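> Coordinates in model.cif, mmCIF, C-alpha atoms, are listed below.
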```cif
data_work
#
loop_
_atom_site.label_atom_id
_atom_site.label_comp_id
_atom_site.auth_asym_id
_atom_site.auth_seq_id
_atom_site.Cartn_x
_atom_site.Cartn_y
_atom_site.Cartn_z
CA MET R 1167 150.75 79.87 135.13
CA ALA R 1168 147.17 79.48 133.87
CA HIS R 1169 144.36 79.60 136.38
CA HIS R 1170 140.91 78.10 135.95
CA VAL R 1171 138.26 80.68 136.78
CA ARG R 1172 134.95 79.22 137.90
CA THR R 1173 131.85 80.98 136.69
CA GLY R 1174 129.33 78.53 138.19
CA TYR R 1175 128.88 75.54 140.48
CA GLY R 1176 128.96 72.89 137.77
CA ASP R 1177 132.62 71.97 138.33
CA SER R 1178 132.35 71.71 142.11
CA ASP R 1179 128.97 69.93 142.18
CA PRO R 1180 128.78 67.54 139.21
CA LEU R 1181 125.88 65.18 138.58
CA PHE R 1182 128.18 62.18 139.13
CA LEU R 1183 131.25 62.42 141.33
CA SER R 1184 133.45 60.15 139.20
CA LYS R 1185 133.50 57.75 136.28
CA ALA R 1186 133.43 54.90 138.77
CA ALA R 1187 130.14 56.22 140.14
CA VAL R 1188 128.68 56.30 136.62
CA PHE R 1189 129.77 52.69 136.11
CA TRP R 1190 128.26 51.39 139.36
CA TYR R 1191 125.01 53.28 138.87
CA ALA R 1192 124.81 51.79 135.38
CA VAL R 1193 125.35 48.31 136.84
CA LEU R 1194 122.63 48.96 139.43
CA LEU R 1195 120.21 50.16 136.76
CA ALA R 1196 120.97 47.12 134.60
CA GLY R 1197 120.31 44.86 137.57
CA LEU R 1198 116.98 46.57 138.27
CA ILE R 1199 115.99 46.25 134.61
CA ALA R 1200 116.78 42.52 134.69
CA ALA R 1201 115.10 41.97 138.08
CA PRO R 1202 111.69 40.76 136.78
CA TYR R 1203 113.42 37.88 135.00
CA VAL R 1204 115.64 36.69 137.86
CA ILE R 1205 113.74 37.20 141.14
CA GLU R 1206 110.49 35.83 142.53
CA PRO R 1207 107.21 37.78 142.20
CA TYR R 1208 107.08 38.45 145.95
CA TYR R 1209 110.45 40.19 145.97
CA LEU R 1210 109.54 42.03 142.77
CA SER R 1211 106.49 43.37 144.60
CA GLN R 1212 108.71 44.45 147.48
CA LEU R 1213 110.96 46.27 145.01
CA VAL R 1214 107.93 48.23 143.77
CA PHE R 1215 107.09 49.27 147.34
CA ILE R 1216 110.73 50.26 147.90
CA MET R 1217 110.63 52.52 144.84
CA ILE R 1218 107.35 54.14 145.91
CA TYR R 1219 108.66 54.77 149.41
CA ALA R 1220 111.96 56.02 147.98
CA ILE R 1221 110.05 58.63 145.95
CA VAL R 1222 108.33 59.82 149.14
CA GLY R 1223 111.71 59.81 150.91
CA VAL R 1224 113.18 62.02 148.19
CA ALA R 1225 110.23 64.38 148.55
CA LEU R 1226 110.70 64.63 152.31
CA ASN R 1227 114.44 65.05 151.84
CA ILE R 1228 113.84 68.15 149.71
CA LEU R 1229 111.48 69.61 152.30
CA SER R 1230 113.16 68.66 155.58
CA GLY R 1231 116.73 67.77 154.67
CA GLN R 1232 117.38 70.59 152.21
CA ALA R 1233 114.89 73.35 153.13
CA GLY R 1234 114.76 72.60 156.87
CA GLN R 1235 110.93 72.53 157.08
CA VAL R 1236 109.23 69.94 159.29
CA SER R 1237 106.31 67.81 158.14
CA ILE R 1238 104.67 64.84 159.84
CA GLY R 1239 101.60 64.82 157.64
CA HIS R 1240 102.93 63.62 154.29
CA ALA R 1241 100.45 60.74 154.23
CA ALA R 1242 97.85 63.40 153.36
CA PHE R 1243 99.71 64.26 150.15
CA LEU R 1244 99.98 60.55 149.35
CA ALA R 1245 96.21 60.27 149.82
CA ILE R 1246 95.49 63.28 147.59
CA GLY R 1247 97.58 61.79 144.79
CA ALA R 1248 95.96 58.37 145.22
CA TYR R 1249 92.37 59.64 145.21
CA PHE R 1250 93.05 62.02 142.33
CA THR R 1251 94.30 59.02 140.36
CA ALA R 1252 91.23 56.94 141.21
CA VAL R 1253 88.79 59.70 140.19
CA ALA R 1254 90.73 60.57 137.02
CA GLN R 1255 90.92 56.94 135.94
CA LYS R 1256 87.19 56.55 136.62
CA HIS R 1257 86.49 59.40 134.19
CA GLY R 1258 88.67 57.92 131.47
CA VAL R 1259 91.73 60.17 131.79
CA PRO R 1260 94.79 58.35 130.34
CA LEU R 1261 97.81 57.42 132.45
CA VAL R 1262 100.17 59.82 130.68
CA LEU R 1263 97.94 62.70 131.81
CA TYR R 1264 96.69 61.82 135.28
CA LEU R 1265 100.12 60.72 136.58
CA PRO R 1266 101.76 64.15 136.15
CA LEU R 1267 98.48 65.91 136.96
CA ALA R 1268 98.36 64.07 140.29
CA GLY R 1269 101.70 65.69 141.07
CA VAL R 1270 100.50 69.14 139.94
CA PHE R 1271 97.24 68.94 141.91
CA THR R 1272 99.00 67.70 145.05
CA GLY R 1273 101.69 70.34 144.59
CA ILE R 1274 99.01 73.05 144.68
CA ALA R 1275 97.73 71.58 147.95
CA GLY R 1276 101.30 71.57 149.27
CA TYR R 1277 101.70 75.22 148.31
CA LEU R 1278 98.58 76.08 150.34
CA VAL R 1279 99.90 74.09 153.30
CA GLY R 1280 103.23 75.89 152.95
CA LEU R 1281 101.61 79.27 153.58
CA PRO R 1282 101.47 78.67 157.38
CA ALA R 1283 105.19 77.86 157.20
CA LEU R 1284 105.79 81.56 156.71
CA ARG R 1285 104.83 82.17 160.34
CA LEU R 1286 105.38 78.79 162.00
CA HIS R 1287 108.62 77.04 162.90
CA GLY R 1288 109.73 73.79 164.48
CA ILE R 1289 107.17 71.92 166.52
CA TYR R 1290 104.41 74.40 165.63
CA LEU R 1291 104.89 73.73 161.92
CA ALA R 1292 104.88 69.99 162.60
CA ILE R 1293 101.56 70.34 164.44
CA ALA R 1294 100.12 72.33 161.52
CA THR R 1295 101.08 69.60 159.02
CA LEU R 1296 99.65 66.99 161.37
CA ALA R 1297 96.38 68.92 161.54
CA PHE R 1298 96.31 69.05 157.74
CA ALA R 1299 96.70 65.26 157.61
CA PHE R 1300 93.75 64.83 159.98
CA ILE R 1301 91.65 67.22 157.86
CA VAL R 1302 92.42 65.34 154.64
CA GLU R 1303 91.67 61.98 156.26
CA GLU R 1304 88.32 63.30 157.51
CA ILE R 1305 87.43 64.79 154.11
CA ILE R 1306 88.04 61.57 152.20
CA ALA R 1307 86.07 59.66 154.83
CA ARG R 1308 83.05 62.04 154.66
CA TRP R 1309 82.97 62.98 150.96
CA GLU R 1310 81.24 59.77 150.01
CA SER R 1311 79.93 60.97 146.64
CA VAL R 1312 83.51 61.17 145.35
CA THR R 1313 85.65 58.97 147.60
CA HIS R 1314 83.00 56.40 148.67
CA GLY R 1315 83.96 57.14 152.26
CA ASN R 1316 85.20 54.28 154.40
CA GLU R 1317 84.07 51.76 151.79
CA GLY R 1318 87.02 52.80 149.68
CA LEU R 1319 87.62 52.75 145.95
CA MET R 1320 88.73 49.94 143.65
CA LEU R 1321 91.17 50.79 140.88
CA PRO R 1322 91.42 48.81 137.64
CA PRO R 1323 94.91 47.90 136.38
CA PRO R 1324 96.66 50.86 134.72
CA SER R 1325 96.88 50.95 130.96
CA LEU R 1326 99.24 52.83 128.68
CA PHE R 1327 98.06 53.67 125.15
CA GLY R 1328 95.41 50.97 125.35
CA TRP R 1329 97.75 48.27 126.68
CA LYS R 1330 97.14 47.06 130.23
CA LEU R 1331 100.29 47.10 132.32
CA GLY R 1332 100.88 43.77 133.97
CA THR R 1333 103.17 43.13 136.92
CA GLU R 1334 106.33 43.64 134.89
CA GLY R 1335 104.98 46.65 133.02
CA PHE R 1336 103.98 48.40 136.24
CA TYR R 1337 107.39 47.57 137.74
CA TYR R 1338 109.14 49.29 134.82
CA LEU R 1339 106.79 52.27 135.14
CA CYS R 1340 107.73 52.65 138.82
CA LEU R 1341 111.42 52.26 137.94
CA LEU R 1342 111.20 54.97 135.29
CA VAL R 1343 109.38 57.39 137.61
CA THR R 1344 111.86 56.71 140.43
CA VAL R 1345 114.88 57.40 138.23
CA LEU R 1346 113.32 60.58 136.83
CA VAL R 1347 112.37 61.83 140.31
CA ILE R 1348 115.87 61.22 141.68
CA LEU R 1349 117.52 62.94 138.70
CA ALA R 1350 115.12 65.87 139.04
CA ALA R 1351 115.84 66.13 142.77
CA ILE R 1352 119.60 66.07 142.18
CA ASN R 1353 119.33 68.90 139.67
CA ILE R 1354 117.04 70.89 141.98
CA ILE R 1355 119.59 70.62 144.77
CA ARG R 1356 122.42 71.63 142.41
CA SER R 1357 120.49 74.67 141.18
CA SER R 1358 120.15 78.10 142.76
CA THR R 1359 116.81 76.98 144.19
CA GLY R 1360 118.46 74.13 146.06
CA ARG R 1361 121.18 76.40 147.39
CA SER R 1362 118.53 78.82 148.59
CA PHE R 1363 116.81 75.92 150.36
CA MET R 1364 120.05 75.06 152.15
CA ALA R 1365 120.65 78.69 153.09
CA ILE R 1366 117.19 78.87 154.68
CA ARG R 1367 117.84 75.60 156.49
CA ASP R 1368 121.15 76.76 157.94
CA SER R 1369 120.04 80.28 158.91
CA GLU R 1370 116.87 81.94 157.79
CA THR R 1371 118.05 85.31 159.03
CA ALA R 1372 121.33 85.06 157.11
CA ALA R 1373 119.48 83.91 154.00
CA ARG R 1374 117.13 86.88 154.20
CA SER R 1375 120.08 89.24 154.63
CA MET R 1376 121.58 87.88 151.40
CA GLY R 1377 118.44 88.80 149.49
CA ILE R 1378 116.78 85.37 149.38
CA ASP R 1379 112.99 85.51 149.31
CA THR R 1380 112.46 83.05 152.14
CA ALA R 1381 108.66 83.12 151.90
CA SER R 1382 108.71 82.15 148.25
CA TYR R 1383 111.28 79.40 148.66
CA LYS R 1384 109.50 77.87 151.66
CA THR R 1385 106.23 77.53 149.78
CA THR R 1386 108.16 76.25 146.75
CA ALA R 1387 109.74 73.53 148.91
CA PHE R 1388 106.31 72.46 150.17
CA ALA R 1389 104.89 72.46 146.64
CA LEU R 1390 107.77 70.40 145.21
CA SER R 1391 107.71 67.91 148.07
CA ALA R 1392 103.93 67.52 147.93
CA GLY R 1393 103.93 67.16 144.14
CA ILE R 1394 106.51 64.37 144.21
CA THR R 1395 104.57 62.64 146.99
CA GLY R 1396 101.38 62.96 144.92
CA ILE R 1397 103.06 61.06 142.06
CA ALA R 1398 104.06 58.38 144.56
CA GLY R 1399 100.42 58.31 145.72
CA ALA R 1400 99.28 57.59 142.16
CA LEU R 1401 101.67 54.64 141.92
CA TYR R 1402 100.70 53.48 145.41
CA ALA R 1403 97.00 53.46 144.48
CA HIS R 1404 97.68 51.28 141.45
CA LYS R 1405 99.92 48.96 143.42
CA MET R 1406 97.31 48.41 146.13
CA SER R 1407 94.36 48.34 143.64
CA PHE R 1408 92.19 49.57 146.52
CA ILE R 1409 92.36 52.73 148.64
CA SER R 1410 90.49 53.75 151.78
CA PRO R 1411 90.99 56.49 154.42
CA GLU R 1412 92.63 54.23 157.02
CA MET R 1413 95.48 53.51 154.59
CA PHE R 1414 96.71 57.11 155.02
CA SER R 1415 96.79 57.43 158.78
CA LEU R 1416 99.30 59.12 161.08
CA ALA R 1417 101.28 55.87 161.29
CA VAL R 1418 102.05 56.12 157.56
CA SER R 1419 103.33 59.70 158.00
CA ILE R 1420 105.57 58.52 160.83
CA ASP R 1421 106.90 55.75 158.59
CA PHE R 1422 107.85 58.39 156.02
CA VAL R 1423 109.68 60.44 158.65
CA MET R 1424 111.52 57.31 159.76
CA ILE R 1425 112.71 56.79 156.18
CA ILE R 1426 114.74 60.00 156.20
CA ILE R 1427 115.86 59.61 159.82
CA ILE R 1428 117.17 56.08 159.38
CA GLY R 1429 118.41 56.57 155.82
CA GLY R 1430 119.94 60.01 156.22
CA LEU R 1431 118.28 63.39 156.44
CA VAL R 1432 120.35 65.34 153.91
CA SER R 1433 121.07 62.59 151.39
CA LEU R 1434 119.00 61.39 148.44
CA ARG R 1435 120.84 58.10 148.62
CA GLY R 1436 119.76 57.91 152.25
CA ALA R 1437 116.11 58.14 151.15
CA VAL R 1438 116.62 54.95 149.14
CA PHE R 1439 118.44 53.25 152.03
CA GLY R 1440 115.64 54.22 154.41
CA ALA R 1441 112.98 52.92 152.01
CA ILE R 1442 114.80 49.58 151.72
CA PHE R 1443 114.99 49.32 155.49
CA MET R 1444 111.32 50.19 156.05
CA ILE R 1445 109.98 47.79 153.43
CA MET R 1446 112.29 44.88 154.23
CA ALA R 1447 111.81 45.15 158.00
CA ASP R 1448 108.58 43.12 157.98
CA PRO R 1449 109.94 40.21 155.87
CA LEU R 1450 113.04 40.11 158.07
CA LEU R 1451 110.90 40.04 161.22
CA ILE R 1452 108.86 37.18 159.77
CA ILE R 1453 112.06 35.25 159.07
CA LEU R 1454 113.21 36.08 162.60
CA LYS R 1455 109.98 34.74 164.10
CA ASP R 1456 110.37 31.52 162.11
CA LYS R 1457 114.08 30.93 162.66
CA VAL R 1458 114.76 32.11 166.23
CA PRO R 1459 112.79 29.27 167.91
CA VAL R 1460 114.63 26.74 165.72
CA TRP R 1461 118.01 28.27 166.54
CA THR R 1462 117.12 28.40 170.24
CA ASP R 1463 116.09 24.74 170.24
CA ALA R 1464 119.33 23.72 168.50
CA MET R 1465 121.40 25.76 170.94
CA MET R 1466 119.63 24.30 173.98
CA HIS R 1467 120.18 20.75 172.72
CA GLY R 1468 123.78 21.61 171.96
CA LEU R 1469 124.27 22.56 175.61
CA PHE R 1470 122.73 19.20 176.65
CA LEU R 1471 120.13 20.84 178.87
CA PRO R 1472 117.05 18.96 180.07
CA ASP R 1473 113.97 18.96 177.84
CA THR R 1474 111.97 20.91 180.43
CA VAL R 1475 114.50 23.76 180.39
CA THR R 1476 114.63 23.71 176.58
CA GLN R 1477 110.85 23.89 176.31
CA ALA R 1478 110.66 26.73 178.85
CA VAL R 1479 113.32 28.76 177.02
CA GLN R 1480 111.69 28.10 173.66
CA ALA R 1481 108.28 29.18 174.99
CA GLY R 1482 109.80 32.39 176.34
CA VAL R 1483 111.49 33.14 173.01
CA LEU R 1484 108.21 32.54 171.17
CA ARG R 1485 106.39 34.98 173.46
CA VAL R 1486 109.03 37.64 172.78
CA VAL R 1487 109.17 37.27 168.98
CA ASN R 1488 105.37 37.12 168.71
CA ALA R 1489 104.77 40.14 170.92
CA PRO R 1490 102.46 42.63 169.14
CA GLY R 1491 104.69 45.65 169.79
CA LEU R 1492 107.98 44.06 168.76
CA LYS R 1493 108.26 45.98 165.48
CA SER R 1494 107.59 49.35 167.13
CA LEU R 1495 110.09 48.54 169.88
CA ILE R 1496 112.81 47.61 167.38
CA PHE R 1497 112.16 50.73 165.31
CA GLY R 1498 112.26 52.92 168.42
CA ILE R 1499 115.58 51.47 169.51
CA ILE R 1500 117.03 51.85 166.02
CA ILE R 1501 115.95 55.49 165.79
CA ILE R 1502 117.49 56.28 169.20
CA VAL R 1503 120.74 54.55 168.20
CA PHE R 1504 120.93 56.45 164.89
CA ILE R 1505 120.14 59.81 166.49
CA ILE R 1506 122.83 59.34 169.15
CA TYR R 1507 125.59 57.48 167.31
CA GLU R 1508 124.95 58.09 163.59
CA PRO R 1509 122.90 61.27 162.97
CA MET R 1510 123.59 60.98 159.22
CA GLY R 1511 121.78 57.64 159.08
CA LEU R 1512 122.61 54.67 156.91
CA ASP R 1513 124.13 56.94 154.29
CA GLY R 1514 126.51 58.38 156.89
CA ARG R 1515 127.58 54.87 157.85
CA TRP R 1516 128.05 54.02 154.15
CA GLN R 1517 130.28 57.08 153.73
CA ARG R 1518 132.37 56.00 156.73
CA VAL R 1519 132.81 52.51 155.28
CA LYS R 1520 133.89 53.95 151.92
CA ALA R 1521 136.34 56.31 153.62
CA TYR R 1522 137.78 53.41 155.62
CA PHE R 1523 138.51 51.32 152.53
CA LYS R 1524 140.06 54.31 150.79
CA GLN R 1525 142.70 54.65 153.50
CA PHE R 1526 146.21 53.28 153.09
CA PRO R 1527 147.08 50.37 152.93
CA LEU R 1528 143.60 49.12 151.90
CA ALA R 1529 143.71 51.21 148.72
CA ARG R 1530 146.70 52.00 146.57
CA GLN R 1531 147.35 55.69 146.26
CA ARG R 1532 149.60 57.30 143.71
CA SER R 1533 150.83 59.76 146.27
CA ALA R 1534 152.38 56.88 148.24
CA ARG R 1535 154.72 56.15 145.33
CA PRO R 1536 157.91 58.28 145.61
CA PRO R 1537 158.59 60.46 142.55
CA ARG R 1538 161.49 59.50 140.33
CA MET R 1539 164.20 62.16 140.15
CA PHE R 1540 166.92 62.65 137.56
CA LEU R 1541 170.12 64.60 137.44
CA LYS R 1542 170.70 66.87 134.48
CA SER R 1543 173.55 64.62 133.28
CA GLU R 1544 171.19 61.61 133.21
CA ARG R 1545 168.58 63.22 130.94
CA ARG R 1546 168.76 62.46 127.23
#
```
Turn the structure described in the file into structure tokens.

Amino acid sequence: MAHHVRTGYGDSDPLFLSKAAVFWYAVLLAGLIAAPYVIEPYYLSQLVFIMIYAIVGVALNILSGQAGQVSIGHAAFLAIGAYFTAVAQKHGVPLVLYLPLAGVFTGIAGYLVGLPALRLHGIYLAIATLAFAFIVEEIIARWESVTHGNEGLMLPPPSLFGWKLGTEGFYYLCLLVTVLVILAAINIIRSSTGRSFMAIRDSETAARSMGIDTASYKTTAFALSAGITGIAGALYAHKMSFISPEMFSLAVSIDFVMIIIIGGLVSLRGAVFGAIFMIMADPLLIILKDKVPVWTDAMMHGLFLPDTVTQAVQAGVLRVVNAPGLKSLIFGIIIIVFIIYEPMGLDGRWQRVKAYFKQFPLARQRSARPPRMFLKSERR
């Protein structure tokens, strides 16, 4: 009997799990390519924000989900990439140069921030990254000769080889960068570097005993994560057309952490799910504020209650849906629910749904079909 001897991880960890996965990803990509021609400009703009946030989610997934390092100051890396883009564009640097250079420059900053990670762990490392975010925010607010301080900087529309990218052109640029970042992240995770990240995450002592240079890989994780976030910052600056220090506050860093918590900490697909949730939460809340009073009024009239009771209930509902802290309250409840009941986030729930529909009798399985047997006398 012949045995297949594995000499690497390629067979056990392929780029795509099956031909069906290749087909559905191709369908998704075709849909995204056709999106500018079939959806409204508002939703196209939301798709751009989803892709930018997904890039940051992938970056945080590499750092926290794969390497096990904590960061609550990633808005600083977004700011570095954004301001680098604004300054480079002001000095006439073309897009094909300053976009990757924004990632390189921010990656160097991430490497320097990763040096404290060699001695800090857990909450202490989180505090160090938070302090770095405050330092960066203060620098861009005070360095007025370069950043214009709190007045902010205006960015002209991006141009590629002399052609100005309109709404559709910028959308396709973001789509291309998102696909390349996700493919690069998948290959990093599949490589020896990614496996070293996971070894450090699971047990730093065990990883060191196996000969893994934990110091080098920790700083590498910070550099990779920061570099990817810097590229997202460049796209974010062009999308907003204006940047200022208050756009990169602690609240933005918390939003990034929520992306990987809600989407799934150890899944690249979860980073996309989390980005969709974070970006679409505001439009859904707006729809909720508009529709809930109407639904409440219809329900009250359906119960044939007096007009005074209907008006009182409708006023109470309006006060609740228009409360200033409603979004934070909903997000807090969702995070608690996910941490307690679904630690793997939306991606974990998606995996459970897929596993459910793969179970018999919802899916036909060849193993359920009894094998046909023959006697020797019946064979011809």
> Can you spell out as a PyMOL selection string the set of residues that the PyMOL selection byres ((chain R and resi 1236) around 12) selects in the structure I just provided?
chain R and resi 1226-1235+1237-1240+1279-1280+1282-1283+1286-1296+1367+1384+1387-1388+1391+1419+1423+1426+1431
> Taking the file as shown, what set of residues would the PyMOL selection byres ((chain R and resi 1421) around 12) give back, as a ChimeraX atom specification?
/R:1219-1220,1222-1223,1226,1238-1241,1414-1420,1422-1429,1440-1441,1443-1445,1447,1494,1497-1498,1501
> Which polymer residues have any atom within 12 Å of an atom of Leu1331 of chain R, counting all atoms listed in the file, with same-chain residues fewer than 5 positions away left out, as a list of chain:residue names?
R:Leu1261, R:Pro1322, R:Pro1323, R:Pro1324, R:Ser1325, R:Leu1326, R:Phe1336, R:Tyr1337, R:Tyr1338, R:Leu1339, R:Cys1340, R:His1404, R:Lys1405
> Got time to write the residues from that selection, C-alpha atoms, as a JSON list (two decimals), in the frame of the given file?

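Contents of part_10.json, freshly written:
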```
[["chain", "number", "residue", "atom", "x", "y", "z"],
["R", 1261, "LEU", "CA", 97.81, 57.42, 132.45],
["R", 1322, "PRO", "CA", 91.42, 48.81, 137.64],
["R", 1323, "PRO", "CA", 94.91, 47.90, 136.38],
["R", 1324, "PRO", "CA", 96.66, 50.86, 134.72],
["R", 1325, "SER", "CA", 96.88, 50.95, 130.96],
["R", 1326, "LEU", "CA", 99.24, 52.83, 128.68],
["R", 1336, "PHE", "CA", 103.98, 48.40, 136.24],
["R", 1337, "TYR", "CA", 107.39, 47.57, 137.74],
["R", 1338, "TYR", "CA", 109.14, 49.29, 134.82],
["R", 1339, "LEU", "CA", 106.79, 52.27, 135.14],
["R", 1340, "CYS", "CA", 107.73, 52.65, 138.82],
["R", 1404, "HIS", "CA", 97.68, 51.28, 141.45],
["R", 1405, "LYS", "CA", 99.92, 48.96, 143.42]]
```
> Just say which residues the PyMOL selection byres ((chain R and resi 1207-1212) around 9) picks in this file, as a list in words.
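Applied to this file, the PyMOL selection byres ((chain R and resi 1207-1212) around 9) returns Ala1201, Pro1202, Ile1205, Glu1206, Leu1213, Val1214, Phe1215, Ile1216, Met1217, Thr1333, Glu1334, Tyr1337, Lys1405, Ile1445 and Met1446 of chain R.
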> Enter the distance from atom CA of Pro1509 of chain R to atom CA of Ala1521 of chain R, in Å, rounded to one decimal.
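Computed distance, atom CA of Pro1509 of chain R to atom CA of Ala1521 of chain R, equals 17.1 Å.
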> What does the structure give for the distance between atom CA of Val1224 of chain R and atom CA of Ile1348 of chain R, in Å to one decimal?
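Rounded to one decimal, the two atoms are 7.1 Å apart.
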> Quick one: residues within 6 Å of Ala1392 of chain R, only C-alpha atoms counted, chain neighbours fewer than 4 positions away excluded, as a PyMOL selection string?
chain R and resi 1243+1272-1273+1276+1388
> Deliver the residues from the most recent selection as a file, using C-alpha atoms, as a PDB file, keeping the file's coordinate frame.

```pdb
ATOM      1  CA  PHE R1243      99.710  64.260 150.150  1.00  0.00           C
ATOM      2  CA  THR R1272      99.000  67.700 145.050  1.00  0.00           C
ATOM      3  CA  GLY R1273     101.690  70.340 144.590  1.00  0.00           C
ATOM      4  CA  GLY R1276     101.300  71.570 149.270  1.00  0.00           C
ATOM      5  CA  PHE R1388     106.310  72.460 150.170  1.00  0.00           C
TER       6      PHE R1388
END
```
> Using all atoms listed in the file, which protein or nucleic acid residues come within 7 Å of Asp1513 of chain R? Drop anything in the same chain fewer than 3 positions from it, and give the result as a VMD selection string.
chain R and resid 1429 to 1430 1435 to 1436 1510 1516 to 1517
> Quick one: residues within 7 Å of Gly1247 of chain R, all atoms listed in the file counted, chain neighbours fewer than 3 positions away excluded, as an MDAnalysis selection string?
chainID R and resid 1243:1244 1250:1251 1268:1269 1272 1396:1397 1399:1400
> Work out how far atom CA of Val1503 of chain R is from atom CA of Leu1454 of chain R, in Å to one decimal.
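Separating atom CA of Leu1454 of chain R from atom CA of Val1503 of chain R is a distance of 20.7 Å.
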> Will you model N, CA and C atoms for segment 1321-1335 of chain R and pass it back as a tab-separated table (two decimals), in the coordinates of the input?

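Result went into out-v2.tsv, see below:
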```tsv
chain	number	residue	atom	x	y	z
R	1321	LEU	N	90.53	50.26	142.08
R	1321	LEU	CA	91.17	50.79	140.88
R	1321	LEU	C	91.45	49.66	139.91
R	1322	PRO	N	91.06	49.82	138.64
R	1322	PRO	CA	91.42	48.81	137.64
R	1322	PRO	C	92.92	48.89	137.33
R	1323	PRO	N	93.48	47.86	136.74
R	1323	PRO	CA	94.91	47.90	136.38
R	1323	PRO	C	95.20	49.08	135.45
R	1324	PRO	N	96.34	49.72	135.60
R	1324	PRO	CA	96.66	50.86	134.72
R	1324	PRO	C	96.93	50.40	133.30
R	1325	SER	N	96.63	51.26	132.37
R	1325	SER	CA	96.88	50.95	130.96
R	1325	SER	C	97.59	52.12	130.31
R	1326	LEU	N	98.46	51.82	129.38
R	1326	LEU	CA	99.24	52.83	128.68
R	1326	LEU	C	99.02	52.67	127.17
R	1327	PHE	N	98.38	53.69	126.58
R	1327	PHE	CA	98.06	53.67	125.15
R	1327	PHE	C	97.25	52.43	124.77
R	1328	GLY	N	96.30	52.09	125.64
R	1328	GLY	CA	95.41	50.97	125.35
R	1328	GLY	C	95.92	49.63	125.80
R	1329	TRP	N	97.17	49.54	126.23
R	1329	TRP	CA	97.75	48.27	126.68
R	1329	TRP	C	97.75	48.24	128.22
R	1330	LYS	N	97.15	47.19	128.78
R	1330	LYS	CA	97.14	47.06	130.23
R	1330	LYS	C	98.52	46.67	130.74
R	1331	LEU	N	98.98	47.38	131.74
R	1331	LEU	CA	100.29	47.10	132.32
R	1331	LEU	C	100.17	45.96	133.31
R	1332	GLY	N	100.85	44.89	133.04
R	1332	GLY	CA	100.88	43.77	133.97
R	1332	GLY	C	101.85	44.05	135.11
R	1333	THR	N	102.24	42.99	135.80
R	1333	THR	CA	103.17	43.13	136.92
R	1333	THR	C	104.50	43.71	136.47
R	1334	GLU	N	105.04	43.17	135.38
R	1334	GLU	CA	106.33	43.64	134.89
R	1334	GLU	C	106.23	45.05	134.31
R	1335	GLY	N	105.15	45.32	133.58
R	1335	GLY	CA	104.98	46.65	133.02
R	1335	GLY	C	104.86	47.72	134.09
```
